[in-house]
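File shown here: coords_14.cif, holding mmCIF, C-alpha atoms.
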data_protein
loop_
_atom_site.label_atom_id
_atom_site.label_comp_id
_atom_site.auth_asym_id
_atom_site.auth_seq_id
_atom_site.Cartn_x
_atom_site.Cartn_y
_atom_site.Cartn_z
CA MET A 240 0.00 0.00 0.00
CA LYS A 241 1.39 3.39 -1.02
CA LYS A 242 2.09 5.83 1.78
CA VAL A 243 0.18 9.07 1.21
CA VAL A 244 1.21 12.42 2.68
CA ILE A 245 0.02 15.97 3.03
CA SER A 246 3.01 17.84 1.66
CA GLY A 247 1.78 21.43 1.75
CA THR A 248 -1.04 23.76 2.73
CA GLY A 249 -1.97 27.29 1.75
CA LEU A 250 -4.26 29.97 3.16
CA PHE A 251 -5.94 33.03 1.63
CA THR A 252 -7.40 35.51 4.10
CA PRO A 253 -9.55 38.45 2.88
CA GLU A 254 -8.32 41.94 3.67
CA GLU A 255 -11.48 43.10 5.45
CA SER A 256 -12.58 42.01 8.91
CA ILE A 257 -15.66 42.72 11.05
CA SER A 258 -15.43 42.82 14.84
CA ASN A 259 -18.30 41.77 17.09
CA GLU A 260 -18.73 45.41 18.11
CA GLU A 261 -19.08 46.56 14.50
CA LEU A 262 -21.47 43.73 13.72
CA ILE A 263 -23.68 44.51 16.72
CA ASP A 264 -23.80 48.23 15.93
CA SER A 265 -25.05 47.39 12.44
CA PHE A 266 -27.49 44.72 13.61
CA ASN A 267 -29.01 46.91 16.30
CA ALA A 268 -29.44 49.74 13.79
CA TYR A 269 -31.31 47.29 11.55
CA VAL A 270 -33.51 46.22 14.50
CA GLU A 271 -34.45 49.83 15.20
CA LEU A 272 -35.33 50.41 11.54
CA PHE A 273 -37.41 47.20 11.40
CA ASN A 274 -39.32 47.91 14.60
CA ALA A 275 -40.04 51.50 13.57
CA LYS A 276 -41.23 50.43 10.11
CA ASN A 277 -43.51 47.76 11.58
CA ALA A 278 -44.61 49.66 14.70
CA ASP A 279 -48.34 49.48 13.96
CA ALA A 280 -48.26 45.76 13.10
CA ILE A 281 -46.17 45.08 16.20
CA GLU A 282 -48.70 46.92 18.34
CA ARG A 283 -51.55 44.86 16.81
CA GLY A 284 -49.64 41.66 17.54
CA GLU A 285 -49.28 40.76 13.87
CA VAL A 286 -45.48 41.11 13.81
CA THR A 287 -43.00 40.24 16.54
CA ALA A 288 -40.64 43.03 17.49
CA LEU A 289 -36.97 42.22 16.99
CA LYS A 290 -34.56 42.24 19.93
CA THR A 291 -31.20 43.96 19.95
CA SER A 292 -28.02 42.06 20.74
CA PHE A 293 -24.62 42.70 22.32
CA PRO A 294 -20.99 41.59 21.70
CA GLU A 295 -20.74 39.62 24.94
CA PHE A 296 -23.57 37.34 23.81
CA ILE A 297 -21.68 36.39 20.64
CA GLU A 298 -18.42 35.59 22.38
CA LYS A 299 -20.10 33.60 25.15
CA ALA A 300 -22.25 31.63 22.71
CA SER A 301 -19.52 30.83 20.18
CA GLY A 302 -16.05 32.09 21.13
CA ILE A 303 -16.03 34.27 18.01
CA LYS A 304 -14.58 37.79 18.29
CA SER A 305 -14.30 38.78 14.62
CA ARG A 306 -14.52 37.38 11.11
CA TYR A 307 -12.87 38.05 7.73
CA VAL A 308 -15.20 38.84 4.84
CA ILE A 309 -14.92 39.51 1.12
CA ASN A 310 -17.03 42.65 1.47
CA LYS A 311 -17.63 44.57 4.68
CA SER A 312 -19.66 47.61 3.61
CA GLY A 313 -22.71 45.72 2.37
CA ILE A 314 -22.91 43.51 5.43
CA LEU A 315 -22.72 46.48 7.83
CA ASP A 316 -25.27 48.56 5.91
CA PRO A 317 -28.42 48.22 8.09
CA GLU A 318 -30.60 48.75 5.03
CA ARG A 319 -28.88 45.95 3.10
CA MET A 320 -27.19 43.40 5.42
CA PHE A 321 -25.45 41.21 2.83
CA PRO A 322 -22.20 41.56 0.87
CA VAL A 323 -21.75 43.67 -2.24
CA ILE A 324 -20.09 41.37 -4.79
CA ALA A 325 -20.35 42.42 -8.42
CA ASP A 326 -21.00 39.95 -11.21
CA ARG A 327 -18.01 39.21 -13.43
CA SER A 328 -17.97 38.47 -17.12
CA ASP A 329 -17.42 34.92 -18.31
CA ASP A 330 -13.96 35.97 -19.47
CA GLN A 331 -12.88 36.97 -15.97
CA GLN A 332 -11.79 34.68 -13.15
CA SER A 333 -14.66 33.93 -10.81
CA LEU A 334 -14.29 35.08 -7.21
CA GLN A 335 -13.85 31.55 -5.87
CA CYS A 336 -11.20 30.87 -8.50
CA GLU A 337 -9.34 34.06 -7.58
CA MET A 338 -9.38 33.12 -3.89
CA ALA A 339 -8.23 29.60 -4.69
CA VAL A 340 -5.29 30.69 -6.83
CA LYS A 341 -3.96 32.79 -3.94
CA ALA A 342 -4.23 29.91 -1.46
CA ILE A 343 -2.71 27.47 -3.95
CA GLU A 344 0.42 29.60 -4.34
CA GLY A 345 1.29 28.98 -0.69
CA ALA A 346 0.52 25.27 -0.85
CA LEU A 347 2.68 24.75 -3.94
CA ALA A 348 5.58 26.69 -2.43
CA GLN A 349 5.40 24.75 0.82
CA SER A 350 5.28 21.38 -0.93
CA GLY A 351 8.01 22.24 -3.43
CA LYS A 352 5.67 21.53 -6.31
CA THR A 353 4.57 23.42 -9.41
CA ALA A 354 1.26 23.32 -11.23
CA ALA A 355 2.85 20.89 -13.70
CA ASP A 356 3.08 18.33 -10.89
CA ILE A 357 -0.67 18.47 -10.19
CA ASP A 358 -2.74 15.92 -12.06
CA ALA A 359 -6.04 16.25 -10.19
CA VAL A 360 -7.84 19.27 -8.70
CA LEU A 361 -10.65 18.78 -6.21
CA VAL A 362 -12.74 21.70 -4.96
CA ALA A 363 -14.54 20.78 -1.74
CA CYS A 364 -16.67 23.45 -0.06
CA SER A 365 -20.18 24.28 1.14
CA ASN A 366 -21.35 26.41 -1.78
CA MET A 367 -20.24 26.76 -5.39
CA GLN A 368 -20.99 30.12 -6.97
CA ARG A 369 -22.31 28.36 -10.06
CA PRO A 370 -23.28 24.80 -10.98
CA TYR A 371 -21.17 24.51 -14.15
CA PRO A 372 -18.59 24.56 -15.52
CA ALA A 373 -17.12 23.10 -12.34
CA MET A 374 -15.18 25.54 -10.17
CA SER A 375 -12.37 22.99 -10.00
CA ILE A 376 -11.95 22.95 -13.77
CA GLU A 377 -11.71 26.74 -13.86
CA ILE A 378 -9.08 26.62 -11.11
CA GLN A 379 -7.22 23.83 -12.93
CA HIS A 380 -7.11 26.06 -16.02
CA ALA A 381 -6.10 29.16 -14.04
CA ILE A 382 -2.99 27.51 -12.55
CA GLY A 383 -2.10 25.57 -15.71
CA ALA A 384 -2.51 22.06 -14.29
CA LYS A 385 -3.22 18.97 -16.39
CA GLY A 386 -5.23 15.84 -15.62
CA PHE A 387 -8.79 16.18 -14.33
CA ALA A 388 -10.86 18.15 -11.84
CA PHE A 389 -14.22 17.95 -10.09
CA ASP A 390 -16.29 19.60 -7.34
CA MET A 391 -17.81 18.07 -4.22
CA ASN A 392 -19.95 19.34 -1.36
CA VAL A 393 -20.46 17.81 2.08
CA ALA A 394 -21.01 21.18 3.80
CA CYS A 395 -18.62 21.78 6.72
CA SER A 396 -17.05 18.32 6.29
CA SER A 397 -16.14 18.88 2.65
CA ALA A 398 -12.40 19.20 3.32
CA THR A 399 -12.02 15.94 5.27
CA PHE A 400 -14.18 14.10 2.74
CA GLY A 401 -11.96 15.68 0.09
CA LEU A 402 -8.81 14.50 1.87
CA GLN A 403 -10.07 10.91 1.89
CA THR A 404 -11.07 11.16 -1.76
CA ALA A 405 -7.65 12.56 -2.68
CA ALA A 406 -5.79 9.95 -0.61
CA ASP A 407 -7.81 7.15 -2.22
CA MET A 408 -6.99 8.48 -5.69
CA VAL A 409 -3.28 8.59 -4.91
CA ARG A 410 -3.30 5.08 -3.41
CA SER A 411 -5.18 3.65 -6.40
CA GLY A 412 -2.88 5.35 -8.90
CA SER A 413 -5.62 7.37 -10.62
CA ALA A 414 -3.64 10.48 -9.61
CA LYS A 415 -0.11 11.04 -8.36
CA CYS A 416 -0.46 14.50 -6.85
CA VAL A 417 -3.84 15.98 -5.90
CA LEU A 418 -4.69 19.59 -5.09
CA MET A 419 -7.67 19.93 -2.74
CA VAL A 420 -9.10 23.46 -2.40
CA ASN A 421 -11.75 24.94 -0.06
CA PRO A 422 -12.93 28.39 -1.22
CA GLU A 423 -15.60 29.43 1.28
CA ILE A 424 -17.68 32.59 0.76
CA CYS A 425 -19.89 31.91 3.76
CA SER A 426 -21.00 35.54 4.02
CA GLY A 427 -23.10 35.01 0.90
CA HIS A 428 -25.41 32.37 2.38
CA LEU A 429 -25.72 33.82 5.90
CA GLU A 430 -28.80 35.72 7.10
CA TRP A 431 -27.12 38.71 8.69
CA ARG A 432 -30.48 39.93 10.04
CA ASP A 433 -31.01 36.86 12.25
CA ARG A 434 -29.87 37.44 15.84
CA ASP A 435 -29.31 33.72 16.47
CA CYS A 436 -26.85 33.16 13.60
CA HIS A 437 -25.69 36.45 12.06
CA PHE A 438 -22.32 36.27 13.82
CA ILE A 439 -21.34 32.72 12.82
CA PHE A 440 -19.56 32.78 9.48
CA GLY A 441 -16.52 34.28 7.77
CA ASP A 442 -14.83 33.99 4.35
CA VAL A 443 -11.52 32.30 3.52
CA CYS A 444 -9.83 29.79 1.22
CA THR A 445 -7.48 26.91 2.04
CA ALA A 446 -5.52 24.55 -0.21
CA VAL A 447 -3.86 21.19 0.47
CA ILE A 448 -1.40 19.10 -1.60
CA ILE A 449 -1.72 15.31 -1.28
CA GLU A 450 0.83 12.96 -2.88
CA THR A 451 2.81 9.76 -2.31
CA ALA A 452 5.63 9.68 0.19
CA ASP A 453 7.97 8.65 -2.63
CA THR A 454 7.43 11.89 -4.56
CA CYS A 455 7.33 14.19 -1.54
CA THR A 456 10.29 16.56 -1.10
CA ASN A 457 8.99 18.61 1.83
CA PRO A 458 10.76 17.51 5.06
CA GLU A 459 7.78 18.70 7.11
CA ALA A 460 5.18 16.44 5.45
CA TRP A 461 2.47 14.54 7.29
CA GLU A 462 1.62 10.90 6.56
CA ILE A 463 -2.08 10.07 6.39
CA LEU A 464 -2.46 7.05 8.67
CA GLY A 465 -6.18 6.68 8.15
CA THR A 466 -9.41 8.39 7.21
CA LYS A 467 -12.94 7.76 8.46
CA LEU A 468 -16.21 9.28 7.23
CA GLN A 469 -19.74 9.19 8.59
CA THR A 470 -23.08 10.68 7.55
CA GLN A 471 -26.47 10.69 9.24
CA PHE A 472 -29.42 12.63 7.86
CA SER A 473 -30.63 15.63 9.86
CA ASN A 474 -32.63 18.78 9.12
CA ASN A 475 -31.07 20.66 12.02
CA ILE A 476 -28.64 22.47 9.68
CA ARG A 477 -30.20 23.32 6.34
CA ASN A 478 -30.23 25.69 3.36
CA ASN A 479 -32.93 25.22 0.70
CA PHE A 480 -31.51 27.56 -1.93
CA GLY A 481 -31.17 25.90 -5.33
CA PHE A 482 -31.91 26.02 -9.03
CA LEU A 483 -35.52 24.85 -8.55
CA ASN A 484 -36.42 27.83 -6.34
CA ARG A 485 -37.88 29.84 -9.20
CA CYS A 486 -40.33 27.00 -9.93
CA ASP A 487 -42.37 28.06 -6.90
CA GLU A 488 -42.53 31.84 -6.83
CA GLU A 489 -43.99 31.89 -3.31
CA GLY A 490 -40.69 30.57 -1.92
CA VAL A 491 -38.40 33.16 -3.53
CA GLY A 492 -36.58 35.15 -0.86
CA LYS A 493 -37.99 33.16 2.06
CA ARG A 494 -35.90 32.57 5.18
CA ASP A 495 -35.21 28.91 4.38
CA LYS A 496 -33.20 29.92 1.30
CA LEU A 497 -30.28 30.92 3.55
CA PHE A 498 -28.37 29.14 6.32
CA ARG A 499 -30.44 28.15 9.35
CA GLN A 500 -29.91 25.72 12.20
CA GLU A 501 -31.27 24.39 15.46
CA GLY A 502 -28.11 25.19 17.38
CA ARG A 503 -28.96 23.51 20.69
CA LYS A 504 -29.98 20.28 18.96
CA VAL A 505 -26.81 20.30 16.87
CA PHE A 506 -24.66 20.76 19.96
CA LYS A 507 -26.41 17.97 21.86
CA GLU A 508 -26.41 15.47 19.00
CA VAL A 509 -23.17 16.14 17.14
CA CYS A 510 -20.63 16.44 19.96
CA PRO A 511 -20.96 12.84 21.21
CA MET A 512 -20.98 11.55 17.62
CA VAL A 513 -17.72 13.33 16.82
CA ALA A 514 -15.98 12.25 20.03
CA GLU A 515 -17.06 8.65 19.46
CA GLN A 516 -15.83 8.67 15.87
CA ILE A 517 -12.39 10.01 16.80
CA THR A 518 -12.12 7.48 19.63
CA GLN A 519 -13.17 4.59 17.39
CA HIS A 520 -10.86 5.75 14.61
CA LEU A 521 -7.88 5.85 16.98
CA GLY A 522 -8.78 2.37 18.20
CA GLU A 523 -8.97 0.98 14.67
CA LEU A 524 -5.43 2.24 14.09
CA GLU A 525 -4.29 0.95 17.51
CA ILE A 526 -3.45 4.46 18.66
CA SER A 527 -4.11 5.54 22.24
CA ALA A 528 -5.73 8.88 22.97
CA THR A 529 -2.70 9.61 25.15
CA ASP A 530 -0.57 9.53 21.99
CA LEU A 531 -2.70 12.20 20.33
CA LYS A 532 -0.66 15.40 20.38
CA ARG A 533 -3.05 17.71 18.54
CA MET A 534 -6.69 17.95 17.49
CA TRP A 535 -7.37 20.30 14.58
CA LEU A 536 -11.13 20.43 14.96
CA HIS A 537 -13.80 22.10 12.85
CA GLN A 538 -14.00 25.72 13.98
CA ALA A 539 -17.70 26.31 14.53
CA ASN A 540 -18.03 26.80 18.26
CA SER A 541 -15.41 26.83 21.01
CA ASN A 542 -17.77 25.16 23.49
CA MET A 543 -18.31 22.25 21.09
CA ASN A 544 -14.58 21.82 20.54
CA ASP A 545 -13.84 21.88 24.26
CA LEU A 546 -16.46 19.21 24.92
CA ILE A 547 -15.30 16.96 22.06
CA ALA A 548 -11.64 17.20 23.06
CA ARG A 549 -12.53 16.53 26.70
CA LYS A 550 -14.45 13.40 25.76
CA VAL A 551 -11.62 12.09 23.58
CA LEU A 552 -8.76 12.89 25.95
CA GLY A 553 -10.62 12.16 29.19
CA ARG A 554 -9.56 15.56 30.57
CA ASP A 555 -9.58 19.23 29.72
CA PRO A 556 -7.45 19.94 26.62
CA SER A 557 -4.73 22.56 26.65
CA PRO A 558 -4.91 25.38 24.07
CA GLU A 559 -1.98 23.73 22.26
CA GLU A 560 -3.70 20.34 22.08
CA SER A 561 -6.90 21.78 20.59
CA PRO A 562 -5.98 25.10 18.95
CA THR A 563 -8.61 27.73 18.22
CA ILE A 564 -8.72 29.99 15.18
CA LEU A 565 -12.46 30.76 15.14
CA ASP A 566 -11.95 33.71 17.49
CA THR A 567 -10.56 35.70 14.55
CA TYR A 568 -11.82 33.70 11.53
CA ALA A 569 -15.25 32.62 12.85
CA ASN A 570 -16.82 29.54 11.26
CA THR A 571 -15.36 29.15 7.77
CA SER A 572 -17.20 25.89 7.08
CA SER A 573 -14.96 23.27 5.41
CA ALA A 574 -11.83 25.43 5.74
CA GLY A 575 -11.83 25.74 9.55
CA SER A 576 -9.98 22.56 10.51
CA ILE A 577 -7.51 23.14 7.65
CA ILE A 578 -6.77 26.68 8.88
CA ALA A 579 -6.11 25.27 12.35
CA PHE A 580 -3.76 22.66 10.85
CA HIS A 581 -2.03 25.23 8.64
CA LEU A 582 -1.37 27.66 11.50
CA HIS A 583 -0.79 25.30 14.44
CA ARG A 584 1.50 22.43 13.54
CA ASN A 585 5.04 23.79 13.33
CA ASN A 586 5.96 23.07 16.96
CA LEU A 587 5.30 19.33 16.72
CA ASN A 588 8.05 16.73 16.46
CA ALA A 589 8.69 13.84 14.07
CA ASN A 590 6.27 10.92 14.66
CA ASP A 591 3.82 13.11 16.60
CA ILE A 592 0.22 12.17 15.82
CA GLY A 593 -2.77 14.46 15.31
CA VAL A 594 -6.29 14.39 13.88
CA ILE A 595 -7.96 16.75 11.44
CA CYS A 596 -11.67 16.49 12.13
CA SER A 597 -14.71 18.24 10.69
CA PHE A 598 -18.44 17.97 11.34
CA GLY A 599 -21.52 19.75 10.15
CA ALA A 600 -24.65 19.66 8.03
CA GLY A 601 -25.79 16.28 6.92
CA TYR A 602 -24.94 15.38 9.60
CA SER A 603 -21.46 14.68 8.27
CA ILE A 604 -18.27 13.83 10.15
CA GLY A 605 -14.78 13.25 8.79
CA SER A 606 -11.58 12.40 10.65
CA VAL A 607 -8.09 12.22 9.17
CA ILE A 608 -5.38 10.86 11.46
CA ILE A 609 -1.89 11.96 10.49
CA LYS A 610 1.70 11.58 11.67
CA LYS A 611 4.53 14.01 11.20
CA ARG A 612 7.23 12.36 9.10
CA GLN A 613 10.91 12.45 9.81
CA SER A 614 12.91 14.55 7.39
CA ARG A 615 14.73 12.53 4.75
CA SER A 616 18.07 13.44 6.26
CA ASN A 617 16.96 11.89 9.59
CA GLN A 618 15.67 8.78 7.86
CA LYS A 619 19.08 7.92 6.34
#

Encoding of this model in structure tokens:
Amino acid sequence: MKKVVISGTGLFTPEESISNEELIDSFNAYVELFNAKNADAIERGEVTALKTSFPEFIEKASGIKSRYVINKSGILDPERMFPVIADRSDDQQSLQCEMAVKAIEGALAQSGKTAADIDAVLVACSNMQRPYPAMSIEIQHAIGAKGFAFDMNVACSSATFGLQTAADMVRSGSAKCVLMVNPEICSGHLEWRDRDCHFIFGDVCTAVIIETADTCTNPEAWEILGTKLQTQFSNNIRNNFGFLNRCDEEGVGKRDKLFRQEGRKVFKEVCPMVAEQITQHLGELEISATDLKRMWLHQANSNMNDLIARKVLGRDPSPEESPTILDTYANTSSAGSIIAFHLHRNNLNANDIGVICSFGAGYSIGSVIIKKRQSRSNQK
């Protein structure tokens, strides 16, 4: 069986960021406008008055302090409350392609590869900005790679499902070097006027290079010891937007056409599922939880991550064992666990073991257990 490694990662972060304080100022201004506009209906009991919010609520509920976004002005405009992103002509790079190219540059440099070495491109994220041609094929063209490309979507677990798909392709020989990309424009499918969820998401793009150990030249590569995927249907995280929406005019613009969730149910149901999967996965590979040096978990909610890590480790995790990036990035869907891995792995030693784990809508859970390889000079 071929040994498969992650040989490089890349990260694109938008230039603009929104703090909780800025977000709350905008949201509360919207609430005042809404309540004033609907004052008579509110008084008659026909419309429910909206409640204002405060920054402390956001941080306590999620651990999020700020988020990066593609466009800030549109989101903070209380009379708009969604990003301003202009259409581009078919001859221009799409926004997701542009984000991806920037993240890919870092991944290629880190892995010591060029686009000529890539023979498969996989785009795995929650939302594609168009159905076809595939975003992956546009990205493949933009960087000058050969081979083939395709898109996939498993919501917040897209990256870990993509890692297993890429690893399987490399092991089977259908590809030698796979580029897996996660361009997430989460601000576009978030209802910024909903007090319960308007603070959750941010925008970002990550990229990962997967190849065989034999072709890897990066001394800091990580061997993929095993992957494990799980899905279980649930309506507790859902978005009904799609190409059939126009077929029923009454549904156009309705609340269900954007992200929505039953947060308390998700917390209660998903946390034990994730902890059990990681524990089972370690057991299948005959690895003890005490040997687990790092958990790069999906960055949706700090309380969820603390509970999952505590269940797996049997004790409270240290900040180093379960690093957090959602305080500044917020929930970036599929990219969250990859950002954590990208930013928080350099202080680990050869043969240290960690797990990249994601979970989200579906429900879907993916775990990728990896080991830091010794540099080639140390292997001789």

Name the residues that the PyMOL selection byres ((chain A and resi 521) around 12) pulls out of this structure, and write them as a PDB file with C-alpha atoms, keeping the file's coordinate frame.
ATOM      1  CA  LEU A 464      -2.460   7.050   8.670  1.00  0.00           C
ATOM      2  CA  GLY A 465      -6.180   6.680   8.150  1.00  0.00           C
ATOM      3  CA  THR A 466      -9.410   8.390   7.210  1.00  0.00           C
ATOM      4  CA  LYS A 467     -12.940   7.760   8.460  1.00  0.00           C
ATOM      5  CA  ALA A 514     -15.980  12.250  20.030  1.00  0.00           C
ATOM      6  CA  GLU A 515     -17.060   8.650  19.460  1.00  0.00           C
ATOM      7  CA  GLN A 516     -15.830   8.670  15.870  1.00  0.00           C
ATOM      8  CA  ILE A 517     -12.390  10.010  16.800  1.00  0.00           C
ATOM      9  CA  THR A 518     -12.120   7.480  19.630  1.00  0.00           C
ATOM     10  CA  GLN A 519     -13.170   4.590  17.390  1.00  0.00           C
ATOM     11  CA  HIS A 520     -10.860   5.750  14.610  1.00  0.00           C
ATOM     12  CA  GLY A 522      -8.780   2.370  18.200  1.00  0.00           C
ATOM     13  CA  GLU A 523      -8.970   0.980  14.670  1.00  0.00           C
ATOM     14  CA  LEU A 524      -5.430   2.240  14.090  1.00  0.00           C
ATOM     15  CA  GLU A 525      -4.290   0.950  17.510  1.00  0.00           C
ATOM     16  CA  ILE A 526      -3.450   4.460  18.660  1.00  0.00           C
ATOM     17  CA  SER A 527      -4.110   5.540  22.240  1.00  0.00           C
ATOM     18  CA  ALA A 528      -5.730   8.880  22.970  1.00  0.00           C
ATOM     19  CA  THR A 529      -2.700   9.610  25.150  1.00  0.00           C
ATOM     20  CA  ASP A 530      -0.570   9.530  21.990  1.00  0.00           C
ATOM     21  CA  LEU A 531      -2.700  12.200  20.330  1.00  0.00           C
ATOM     22  CA  VAL A 551     -11.620  12.090  23.580  1.00  0.00           C
ATOM     23  CA  LEU A 552      -8.760  12.890  25.950  1.00  0.00           C
ATOM     24  CA  ILE A 592       0.220  12.170  15.820  1.00  0.00           C
ATOM     25  CA  GLY A 593      -2.770  14.460  15.310  1.00  0.00           C
ATOM     26  CA  VAL A 594      -6.290  14.390  13.880  1.00  0.00           C
ATOM     27  CA  SER A 606     -11.580  12.400  10.650  1.00  0.00           C
ATOM     28  CA  VAL A 607      -8.090  12.220   9.170  1.00  0.00           C
ATOM     29  CA  ILE A 608      -5.380  10.860  11.460  1.00  0.00           C
ATOM     30  CA  ILE A 609      -1.890  11.960  10.490  1.00  0.00           C
TER      31      ILE A 609
END

Exercise for review: Go through A:Ala275, A:Gly481, A:Val270, A:Lys493 and flag the residue nearest A:Arg369, using only C-alpha atoms for the distances.
Suggested key: A:Gly481

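Taking atom CA of A:Gly249 as the reference point, atom CA of A:Val420 is found at 9.1 Å.
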
Review point. Expanded to explicit residues, what is the PyMOL selection byres ((chain A and resi 333-343) around 9) for this file, as a ChimeraX atom specification?
Key: /A:248-253,324,326-332,344-348,367-368,374-375,377-378,381-382,418,420-424,443-448

Can those selected residues be exported to a file as a PDB file, in the frame of the given file so that it contains C-alpha atoms?
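Final file, selection-v2.pdb:
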ATOM      1  CA  THR A 248      -1.040  23.760   2.730  1.00  0.00           C
ATOM      2  CA  GLY A 249      -1.970  27.290   1.750  1.00  0.00           C
ATOM      3  CA  LEU A 250      -4.260  29.970   3.160  1.00  0.00           C
ATOM      4  CA  PHE A 251      -5.940  33.030   1.630  1.00  0.00           C
ATOM      5  CA  THR A 252      -7.400  35.510   4.100  1.00  0.00           C
ATOM      6  CA  PRO A 253      -9.550  38.450   2.880  1.00  0.00           C
ATOM      7  CA  ILE A 324     -20.090  41.370  -4.790  1.00  0.00           C
ATOM      8  CA  ASP A 326     -21.000  39.950 -11.210  1.00  0.00           C
ATOM      9  CA  ARG A 327     -18.010  39.210 -13.430  1.00  0.00           C
ATOM     10  CA  SER A 328     -17.970  38.470 -17.120  1.00  0.00           C
ATOM     11  CA  ASP A 329     -17.420  34.920 -18.310  1.00  0.00           C
ATOM     12  CA  ASP A 330     -13.960  35.970 -19.470  1.00  0.00           C
ATOM     13  CA  GLN A 331     -12.880  36.970 -15.970  1.00  0.00           C
ATOM     14  CA  GLN A 332     -11.790  34.680 -13.150  1.00  0.00           C
ATOM     15  CA  GLU A 344       0.420  29.600  -4.340  1.00  0.00           C
ATOM     16  CA  GLY A 345       1.290  28.980  -0.690  1.00  0.00           C
ATOM     17  CA  ALA A 346       0.520  25.270  -0.850  1.00  0.00           C
ATOM     18  CA  LEU A 347       2.680  24.750  -3.940  1.00  0.00           C
ATOM     19  CA  ALA A 348       5.580  26.690  -2.430  1.00  0.00           C
ATOM     20  CA  MET A 367     -20.240  26.760  -5.390  1.00  0.00           C
ATOM     21  CA  GLN A 368     -20.990  30.120  -6.970  1.00  0.00           C
ATOM     22  CA  MET A 374     -15.180  25.540 -10.170  1.00  0.00           C
ATOM     23  CA  SER A 375     -12.370  22.990 -10.000  1.00  0.00           C
ATOM     24  CA  GLU A 377     -11.710  26.740 -13.860  1.00  0.00           C
ATOM     25  CA  ILE A 378      -9.080  26.620 -11.110  1.00  0.00           C
ATOM     26  CA  ALA A 381      -6.100  29.160 -14.040  1.00  0.00           C
ATOM     27  CA  ILE A 382      -2.990  27.510 -12.550  1.00  0.00           C
ATOM     28  CA  LEU A 418      -4.690  19.590  -5.090  1.00  0.00           C
ATOM     29  CA  VAL A 420      -9.100  23.460  -2.400  1.00  0.00           C
ATOM     30  CA  ASN A 421     -11.750  24.940  -0.060  1.00  0.00           C
ATOM     31  CA  PRO A 422     -12.930  28.390  -1.220  1.00  0.00           C
ATOM     32  CA  GLU A 423     -15.600  29.430   1.280  1.00  0.00           C
ATOM     33  CA  ILE A 424     -17.680  32.590   0.760  1.00  0.00           C
ATOM     34  CA  VAL A 443     -11.520  32.300   3.520  1.00  0.00           C
ATOM     35  CA  CYS A 444      -9.830  29.790   1.220  1.00  0.00           C
ATOM     36  CA  THR A 445      -7.480  26.910   2.040  1.00  0.00           C
ATOM     37  CA  ALA A 446      -5.520  24.550  -0.210  1.00  0.00           C
ATOM     38  CA  VAL A 447      -3.860  21.190   0.470  1.00  0.00           C
ATOM     39  CA  ILE A 448      -1.400  19.100  -1.600  1.00  0.00           C
TER      40      ILE A 448
END

The PyMOL selection byres ((chain A and resi 288-299) around 12) resolved against shown file, as a CSV table (one decimal) with C-alpha atoms, in the frame of the given file:
chain,number,residue,atom,x,y,z
A,257,ILE,CA,-15.7,42.7,11.0
A,258,SER,CA,-15.4,42.8,14.8
A,259,ASN,CA,-18.3,41.8,17.1
A,260,GLU,CA,-18.7,45.4,18.1
A,261,GLU,CA,-19.1,46.6,14.5
A,262,LEU,CA,-21.5,43.7,13.7
A,263,ILE,CA,-23.7,44.5,16.7
A,264,ASP,CA,-23.8,48.2,15.9
A,265,SER,CA,-25.0,47.4,12.4
A,266,PHE,CA,-27.5,44.7,13.6
A,267,ASN,CA,-29.0,46.9,16.3
A,268,ALA,CA,-29.4,49.7,13.8
A,269,TYR,CA,-31.3,47.3,11.6
A,270,VAL,CA,-33.5,46.2,14.5
A,271,GLU,CA,-34.4,49.8,15.2
A,272,LEU,CA,-35.3,50.4,11.5
A,273,PHE,CA,-37.4,47.2,11.4
A,274,ASN,CA,-39.3,47.9,14.6
A,275,ALA,CA,-40.0,51.5,13.6
A,276,LYS,CA,-41.2,50.4,10.1
A,277,ASN,CA,-43.5,47.8,11.6
A,278,ALA,CA,-44.6,49.7,14.7
A,279,ASP,CA,-48.3,49.5,14.0
A,280,ALA,CA,-48.3,45.8,13.1
A,281,ILE,CA,-46.2,45.1,16.2
A,282,GLU,CA,-48.7,46.9,18.3
A,283,ARG,CA,-51.6,44.9,16.8
A,284,GLY,CA,-49.6,41.7,17.5
A,285,GLU,CA,-49.3,40.8,13.9
A,286,VAL,CA,-45.5,41.1,13.8
A,287,THR,CA,-43.0,40.2,16.5
A,300,ALA,CA,-22.2,31.6,22.7
A,301,SER,CA,-19.5,30.8,20.2
A,302,GLY,CA,-16.0,32.1,21.1
A,303,ILE,CA,-16.0,34.3,18.0
A,304,LYS,CA,-14.6,37.8,18.3
A,305,SER,CA,-14.3,38.8,14.6
A,306,ARG,CA,-14.5,37.4,11.1
A,432,ARG,CA,-30.5,39.9,10.0
A,433,ASP,CA,-31.0,36.9,12.2
A,434,ARG,CA,-29.9,37.4,15.8
A,435,ASP,CA,-29.3,33.7,16.5
A,436,CYS,CA,-26.8,33.2,13.6
A,437,HIS,CA,-25.7,36.4,12.1
A,438,PHE,CA,-22.3,36.3,13.8
A,439,ILE,CA,-21.3,32.7,12.8
A,440,PHE,CA,-19.6,32.8,9.5
A,540,ASN,CA,-18.0,26.8,18.3
A,541,SER,CA,-15.4,26.8,21.0
A,542,ASN,CA,-17.8,25.2,23.5
A,565,LEU,CA,-12.5,30.8,15.1
A,566,ASP,CA,-12.0,33.7,17.5
A,567,THR,CA,-10.6,35.7,14.6
A,569,ALA,CA,-15.2,32.6,12.8

Review point. Any idea what the distance is between atom CA of A:Leu497 and atom CA of A:Ile547?
Key: 27.6 Å

Contacts of stretch 377-422 of chain A with stretch 597-603 of chain A up to 10 Å, shortest pair per row, all atoms listed in the file, as CSV:
residue,atom,partner,partner_atom,distance
A:Val393,CA,A:Ser603,CA,7.0
A:Ala394,CA,A:Ala600,CA,5.8
A:Cys395,CA,A:Gly599,CA,4.9
A:Ser396,CA,A:Ser597,CA,5.0
A:Ser397,CA,A:Ser597,CA,8.2
A:Ala398,CA,A:Ser597,CA,7.8
A:Thr399,CA,A:Ser597,CA,6.5
A:Phe400,CA,A:Ser597,CA,9.0
